[in-house]
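Chemist: Below: one structure in structure tokens.
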Amino acid sequence: MIGQQRPNRHRRVLMTVDAVGGVWRYAMDLAAALKPKNIEVVFAGLGPAPTEEKIAEANRNGKLVWLDAPLDWMVQDQKAVAKVPRLVVDLAHREQADLLHLNLPSQAANMKTELPVIVVCHSCVVTWFAAVRSSEVPPNWQWQHRLNLAGFARANAVIAPSRSHAVAMDAAYGRIPNLKVVHNSSALDTSDEPKQNFILAAGRWWDDGKNGAVLDAAAALARWPVIAVGESNGPNGQCLQFRNADHRGELAHGRLIALMRQAGVVASPSVYEPFGLAALEAARGGAALVLSDIPTYREIWNDAALFADPYRPHSFADAFNCLADDPQLRAALALKARARSIQFGPQAQAQAMLGIYSGMFDWAFSTAAE
């Protein structure tokens with residue numbers, strides 16, 4: 001059916017997801033924005049199983065099918081993910097998909113299908129090591145570099161969530177053909193809910209790229225309480241123990257957003273952020289932002305946040321205390337961040353992805369609901 005005109009027909013996209021990180025929120029918000037534009041999404045889940053709440057959310061936005069296969073960054077060797085491309089293709093054929101939208105580059109490696117393949121590189125081990133360790137991946141992770149390269153080569157289009165991450169990808173892998181930038185988005189409504197005097201930070205704190213140790217050290221110097229939300233124990237034995245911040249553990253997304261909308265300040269000390277969804281969600285909730293001074297955050301939030309040196313806890317503490325002591329500056333930055341966040345709405349993201357989807361065929365997707 002590729003290349004034929006098929007008016008008034010919903011198009012079907014098979015999109016891979018996982019329930020561990022930010023890819024889930026990305027996939028849910030994008031699918032919801034695509035639904036009125038005659039795009040049906042079948043989610044192919046991989047990795048640890050989702051909660052009942054997430055299963056229900058996925059089935060509201062599309063159809064969820066969970067595959068018995070791991071995520072590449074949670075295994076030790078290439079053999080563990082060798083069957084993933086075939087499993088995804090088989091599901092795509094069963095579901096009569098028109099196009100594959102893969103949210104890990106390795107999932108496309110040596111994939112055999114006539115369907116168009118789009119790969120989104122939300123993050124990867126190779127660029128993580130470059131940013132967090134200032135090094136190449138160690139020998140036992142070189143297979144990740146090879147698989148991702150093969151995935152980029154197989155894809156009809158490769159998407160980065162920011163210009164900064166696109167630059168990092170080119171530096172790590174060499175020039176990637178068909179590389180495009182489509183910023184991530186948030187579907188949250190903006191809010192002007194009254195704020196409380198605390199600082200919130202959210203992340204997978206077992207990940208050194210989230211830089212939780214610096215946040216915890218800064219919390220000891222901050223005049224406002226610092227609340228950290230997110231898992232601190234990782235899948236491969238990683239662990240961060242908070243001593244100064246009030247660690248609340250992992251919260252359901254709705255509870256996290258409710259807490260975020262109450263926070264006077266939201267912080268991210270990350271040294272590796274290909275996009276930074278938590279900062280966007282916080283901005284839409286009306287918080288003032290304190291962010292690591294890294295290229296991604298400068299690209300998106302320059303002049304709409306305070307920036308701190310991610311390697312100096314005192315730099316974050318100084319920014320926290322500056323905002324705690326200056327309600328006018330806090331309010332002004334919150335307004336700037338909220339205004340900036342409007343640029344990153346789901347409709348803009350959906351339109352950009354529709355343009356890329358359409359480019360895979362000699363017919364165009366209809367953008368009018370039937």
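To be explicit about the labels: the chains of the structure tokens are called A, B, and onward in the order shown, and within each one the residues are counted from 1, while ligands get numbers from 1 in the order they are shown.
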Find the spatial neighbours of Asp98 (chain A), counting only C-alpha atoms, within a cut-off of 10 Å - ignore same-chain residues fewer than 2 positions away - and output them as JSON, numbers by chain.

Modeler: {"A": [1, 2, 10, 11, 12, 13, 14, 40, 92, 93, 95, 96, 100, 114, 115, 116, 117, 357, 360, 361]}

Chemist: Write out, as JSON lines, each residue of region 225-293 of chain A that has an atom at most 9 Å from region 188-199 of chain A, together with the closest pair of atoms and their distance in Å to one decimal, counting only C-alpha atoms, rows going by chain and rising number.

Modeler:
```
{"residue": "A:Pro225", "atom": "CA", "partner": "A:Phe198", "partner_atom": "CA", "distance": 5.1}
{"residue": "A:Val226", "atom": "CA", "partner": "A:Ile199", "partner_atom": "CA", "distance": 4.7}
{"residue": "A:Ile227", "atom": "CA", "partner": "A:Ile199", "partner_atom": "CA", "distance": 6.1}
{"residue": "A:Ala228", "atom": "CA", "partner": "A:Ile199", "partner_atom": "CA", "distance": 8.6}
{"residue": "A:Ile257", "atom": "CA", "partner": "A:Leu188", "partner_atom": "CA", "distance": 9.0}
{"residue": "A:Arg261", "atom": "CA", "partner": "A:Glu193", "partner_atom": "CA", "distance": 6.5}
{"residue": "A:Gln262", "atom": "CA", "partner": "A:Lys195", "partner_atom": "CA", "distance": 4.8}
{"residue": "A:Ala263", "atom": "CA", "partner": "A:Gln196", "partner_atom": "CA", "distance": 5.5}
{"residue": "A:Gly264", "atom": "CA", "partner": "A:Lys195", "partner_atom": "CA", "distance": 5.0}
{"residue": "A:Val265", "atom": "CA", "partner": "A:Ile199", "partner_atom": "CA", "distance": 4.8}
{"residue": "A:Val266", "atom": "CA", "partner": "A:Ile199", "partner_atom": "CA", "distance": 5.5}
{"residue": "A:Ala267", "atom": "CA", "partner": "A:Ile199", "partner_atom": "CA", "distance": 7.0}
{"residue": "A:Glu281", "atom": "CA", "partner": "A:Leu188", "partner_atom": "CA", "distance": 6.9}
{"residue": "A:Ala283", "atom": "CA", "partner": "A:Thr190", "partner_atom": "CA", "distance": 8.1}
{"residue": "A:Arg284", "atom": "CA", "partner": "A:Thr190", "partner_atom": "CA", "distance": 4.5}
{"residue": "A:Gly285", "atom": "CA", "partner": "A:Ser191", "partner_atom": "CA", "distance": 4.7}
{"residue": "A:Gly286", "atom": "CA", "partner": "A:Asp192", "partner_atom": "CA", "distance": 5.7}
{"residue": "A:Ala287", "atom": "CA", "partner": "A:Lys195", "partner_atom": "CA", "distance": 7.9}
```

Chemist: What are the DSSP helix (DSSP H, G or I) residues of region 46-295 of chain A, as a count of residues only?

Modeler: 96

Chemist: Out of A:Leu354, A:Val229, A:Ala44, A:Ile342, which residue has the shortest atom-to-atom distance to Arg204 (chain A) when counting only C-alpha atoms?

Modeler: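 Nearest to Arg204 (chain A): A:Val229.
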
Chemist: What does the distance from CA of Leu147 (chain A) to CA of Ala109 (chain A) come to in Å, to one decimal?

Modeler: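 Rounded to one decimal, the two atoms are 5.7 Å apart.
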
Chemist: Would you pick out the contacts of Ala166 (chain A) at 10 Å or less, using only C-alpha atoms, so that residues sharing its chain but fewer than 2 positions from it are not included, and give the list as a list in words?

Modeler: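 Surrounding residues, per the criterion: Cys121, Val158, Ile159, Ala160, Pro161, Ser162, Arg163, Ser164, Ala168, Met169, Asp170, Ala171, Ala172, Arg175, Ile176, Leu179, Lys180, Val181 and Pro274 of chain A.
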
Chemist: For the selection just defined, write its residues with N, CA, C and O atoms to a file, as a compact mmCIF listing (two decimals), in the first residue's frame.

Modeler:
```txt
# COMPACT_ATOMS: atom_id res chain seq x y z
N CYS A 121 16.27 9.73 18.95
CA CYS A 121 17.33 9.51 19.95
C CYS A 121 17.09 10.45 21.12
O CYS A 121 17.58 11.58 21.14
N VAL A 158 16.09 10.52 11.31
CA VAL A 158 16.55 10.47 12.70
C VAL A 158 16.19 11.79 13.35
O VAL A 158 16.43 12.86 12.79
N ILE A 159 15.60 11.71 14.55
CA ILE A 159 15.11 12.90 15.26
C ILE A 159 15.89 13.09 16.55
O ILE A 159 16.08 12.15 17.32
N ALA A 160 16.33 14.32 16.79
CA ALA A 160 16.89 14.72 18.08
C ALA A 160 15.93 15.69 18.74
O ALA A 160 15.29 16.49 18.05
N PRO A 161 15.82 15.67 20.08
CA PRO A 161 14.85 16.55 20.76
C PRO A 161 15.34 17.96 21.00
O PRO A 161 14.60 18.79 21.54
N SER A 162 16.58 18.26 20.61
CA SER A 162 17.11 19.62 20.74
C SER A 162 18.28 19.76 19.78
O SER A 162 18.90 18.77 19.37
N ARG A 163 18.60 21.00 19.43
CA ARG A 163 19.79 21.23 18.59
C ARG A 163 21.05 20.82 19.32
O ARG A 163 21.99 20.28 18.72
N SER A 164 21.07 21.05 20.63
CA SER A 164 22.25 20.71 21.42
C SER A 164 22.51 19.21 21.39
O SER A 164 23.66 18.77 21.29
N ALA A 168 25.65 16.92 19.90
CA ALA A 168 26.30 15.86 20.67
C ALA A 168 26.28 14.53 19.92
O ALA A 168 27.26 13.76 19.97
N MET A 169 25.18 14.25 19.24
CA MET A 169 25.09 13.01 18.46
C MET A 169 26.10 13.00 17.33
O MET A 169 26.80 12.00 17.10
N ASP A 170 26.20 14.10 16.60
CA ASP A 170 27.18 14.17 15.51
C ASP A 170 28.60 14.04 16.03
O ASP A 170 29.45 13.42 15.40
N ALA A 171 28.88 14.62 17.20
CA ALA A 171 30.21 14.52 17.79
C ALA A 171 30.53 13.09 18.20
O ALA A 171 31.67 12.64 18.09
N ALA A 172 29.52 12.37 18.67
CA ALA A 172 29.73 11.01 19.17
C ALA A 172 29.78 9.96 18.07
O ALA A 172 30.51 8.97 18.18
N ARG A 175 28.85 12.40 11.36
CA ARG A 175 27.66 13.02 10.77
C ARG A 175 26.58 11.97 10.52
O ARG A 175 26.83 10.93 9.92
N ILE A 176 25.37 12.28 11.00
CA ILE A 176 24.24 11.36 10.86
C ILE A 176 23.33 11.87 9.74
O ILE A 176 22.77 12.97 9.84
N LEU A 179 19.30 13.74 9.83
CA LEU A 179 19.09 14.14 11.22
C LEU A 179 18.30 15.44 11.27
O LEU A 179 18.68 16.44 10.65
N LYS A 180 17.20 15.41 12.01
CA LYS A 180 16.32 16.57 12.15
C LYS A 180 16.10 16.84 13.63
O LYS A 180 16.24 15.95 14.47
N VAL A 181 15.71 18.06 13.95
CA VAL A 181 15.40 18.44 15.33
C VAL A 181 13.91 18.71 15.46
O VAL A 181 13.34 19.51 14.71
N PRO A 274 19.26 15.71 27.15
CA PRO A 274 19.00 15.94 25.73
C PRO A 274 17.84 16.90 25.47
O PRO A 274 17.80 17.56 24.44
```

Chemist: One decimal, Å: what's the distance from CA of Leu91 (chain A) over to CA of Gly62 (chain A), could you say?

Modeler: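 It comes out at 14.7 Å.
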
Chemist: Please determine, counting only C-alpha atoms, which residue among A:Ala157, A:Ala317, A:Ala334, A:Val23 has the shortest atom-to-atom distance to Val214 (chain A).

Modeler: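 Counting only C-alpha atoms, the residue closest to Val214 (chain A) is A:Ala317.
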
Chemist: Which residue, A:His314, A:His247, A:Arg133, A:Lys83, has the smallest gap to Pro269 (chain A) when you use only C-alpha atoms?

Modeler: A:His314

Chemist: Just to confirm, what's the straight-line distance from CA of Ala187 (chain A) to CA of Gly212 (chain A) in Å (one decimal)?

Modeler: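 Taking CA of Ala187 (chain A) as the start and CA of Gly212 (chain A) as the end point, the length is 26.6 Å.
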
Chemist: Using only C-alpha atoms, which protein or nucleic acid residues come within 10 Å of region 73-82 of chain A? Drop anything in the same chain fewer than 4 positions from it, and give the result as a PyMOL selection string.

Modeler: chain A and resi 47-48+69+86-87+104+106-107+109-110+124-125+140-144+146-147+234-236

Chemist: Each residue of region 197-242 of chain A lying at most 12 Å from region 291-307 of chain A should get a row with its shortest atom-to-atom pair and the distance in Å to one decimal, counting only C-alpha atoms; could you produce that, ordered by chain and increasing number, as JSON lines?

Modeler:
```
{"residue": "A:Leu200", "atom": "CA", "partner": "A:Leu291", "partner_atom": "CA", "distance": 11.8}
{"residue": "A:Ala201", "atom": "CA", "partner": "A:Leu291", "partner_atom": "CA", "distance": 10.2}
{"residue": "A:Gly209", "atom": "CA", "partner": "A:Ser292", "partner_atom": "CA", "distance": 11.3}
{"residue": "A:Lys210", "atom": "CA", "partner": "A:Ser292", "partner_atom": "CA", "distance": 10.1}
{"residue": "A:Asn211", "atom": "CA", "partner": "A:Ser292", "partner_atom": "CA", "distance": 9.7}
{"residue": "A:Gly212", "atom": "CA", "partner": "A:Ser292", "partner_atom": "CA", "distance": 11.9}
{"residue": "A:Val214", "atom": "CA", "partner": "A:Ser292", "partner_atom": "CA", "distance": 10.6}
{"residue": "A:Leu215", "atom": "CA", "partner": "A:Ser292", "partner_atom": "CA", "distance": 10.6}
```

Chemist: Hey, which of A:Val182, A:Val65, A:Ala218, A:Ile39 ends up closest to Phe242 (chain A)? Count only C-alpha atoms.

Modeler: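 Going through A:Val182, A:Val65, A:Ala218, A:Ile39 one by one, the smallest distance to Phe242 (chain A) is for A:Ala218.
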
Chemist: When distances are computed from only C-alpha atoms, which of A:Ala222, A:Phe275, A:Asn233, A:Asn59 shows the smallest separation from Ser315 (chain A)?

Modeler: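 With only C-alpha atoms as the atom set, the closest residue is A:Ala222.
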
Chemist: With only C-alpha atoms as the counted atoms, please give the residues lying no more than 8 Å from Asp29 (chain A), apart from itself and same-chain residues fewer than 6 positions off, as a list in words.

Modeler: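 What passes the distance filter is Ser185, Ser186, Ala187 and Pro346 of chain A.
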
Chemist: Within 10 Å of Asp18 (chain A), counting only C-alpha atoms, which residues qualify if same-chain residues fewer than 4 places away don't, as JSON, numbers by chain?

Modeler: {"A": [22, 23, 24, 25, 27, 43, 44, 45, 46, 47, 48, 49, 50, 66, 70, 71, 103, 104]}

Chemist: Counting only C-alpha atoms, figure out which residue out of A:Ala352, A:Leu329, A:Ala19, A:Ala252 gets nearest to Leu64 (chain A).

Modeler: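 Result for the nearest residue to Leu64 (chain A): A:Ala19.
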
Chemist: Excluding Met353 (chain A) and any residue of its chain fewer than 6 positions from it, enumerate the residues within 10 Å of it, using only C-alpha atoms, and give them as an mmCIF file with C-alpha atoms, in the first residue's frame.

Modeler:
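Now in around-v9.cif:
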```cif
data_model
loop_
_atom_site.group_PDB
_atom_site.id
_atom_site.type_symbol
_atom_site.label_atom_id
_atom_site.label_comp_id
_atom_site.auth_asym_id
_atom_site.auth_seq_id
_atom_site.Cartn_x
_atom_site.Cartn_y
_atom_site.Cartn_z
ATOM 1 C CA LEU A 30 2.416 12.951 21.117
ATOM 2 C CA LEU A 34 -1.912 13.000 16.745
ATOM 3 C CA ILE A 118 11.836 6.908 12.041
ATOM 4 C CA ILE A 159 15.111 12.901 15.256
ATOM 5 C CA VAL A 182 11.883 18.292 16.761
ATOM 6 C CA GLN A 347 0.331 20.782 18.589
ATOM 7 C CA GLY A 359 7.809 12.810 3.843
#
```
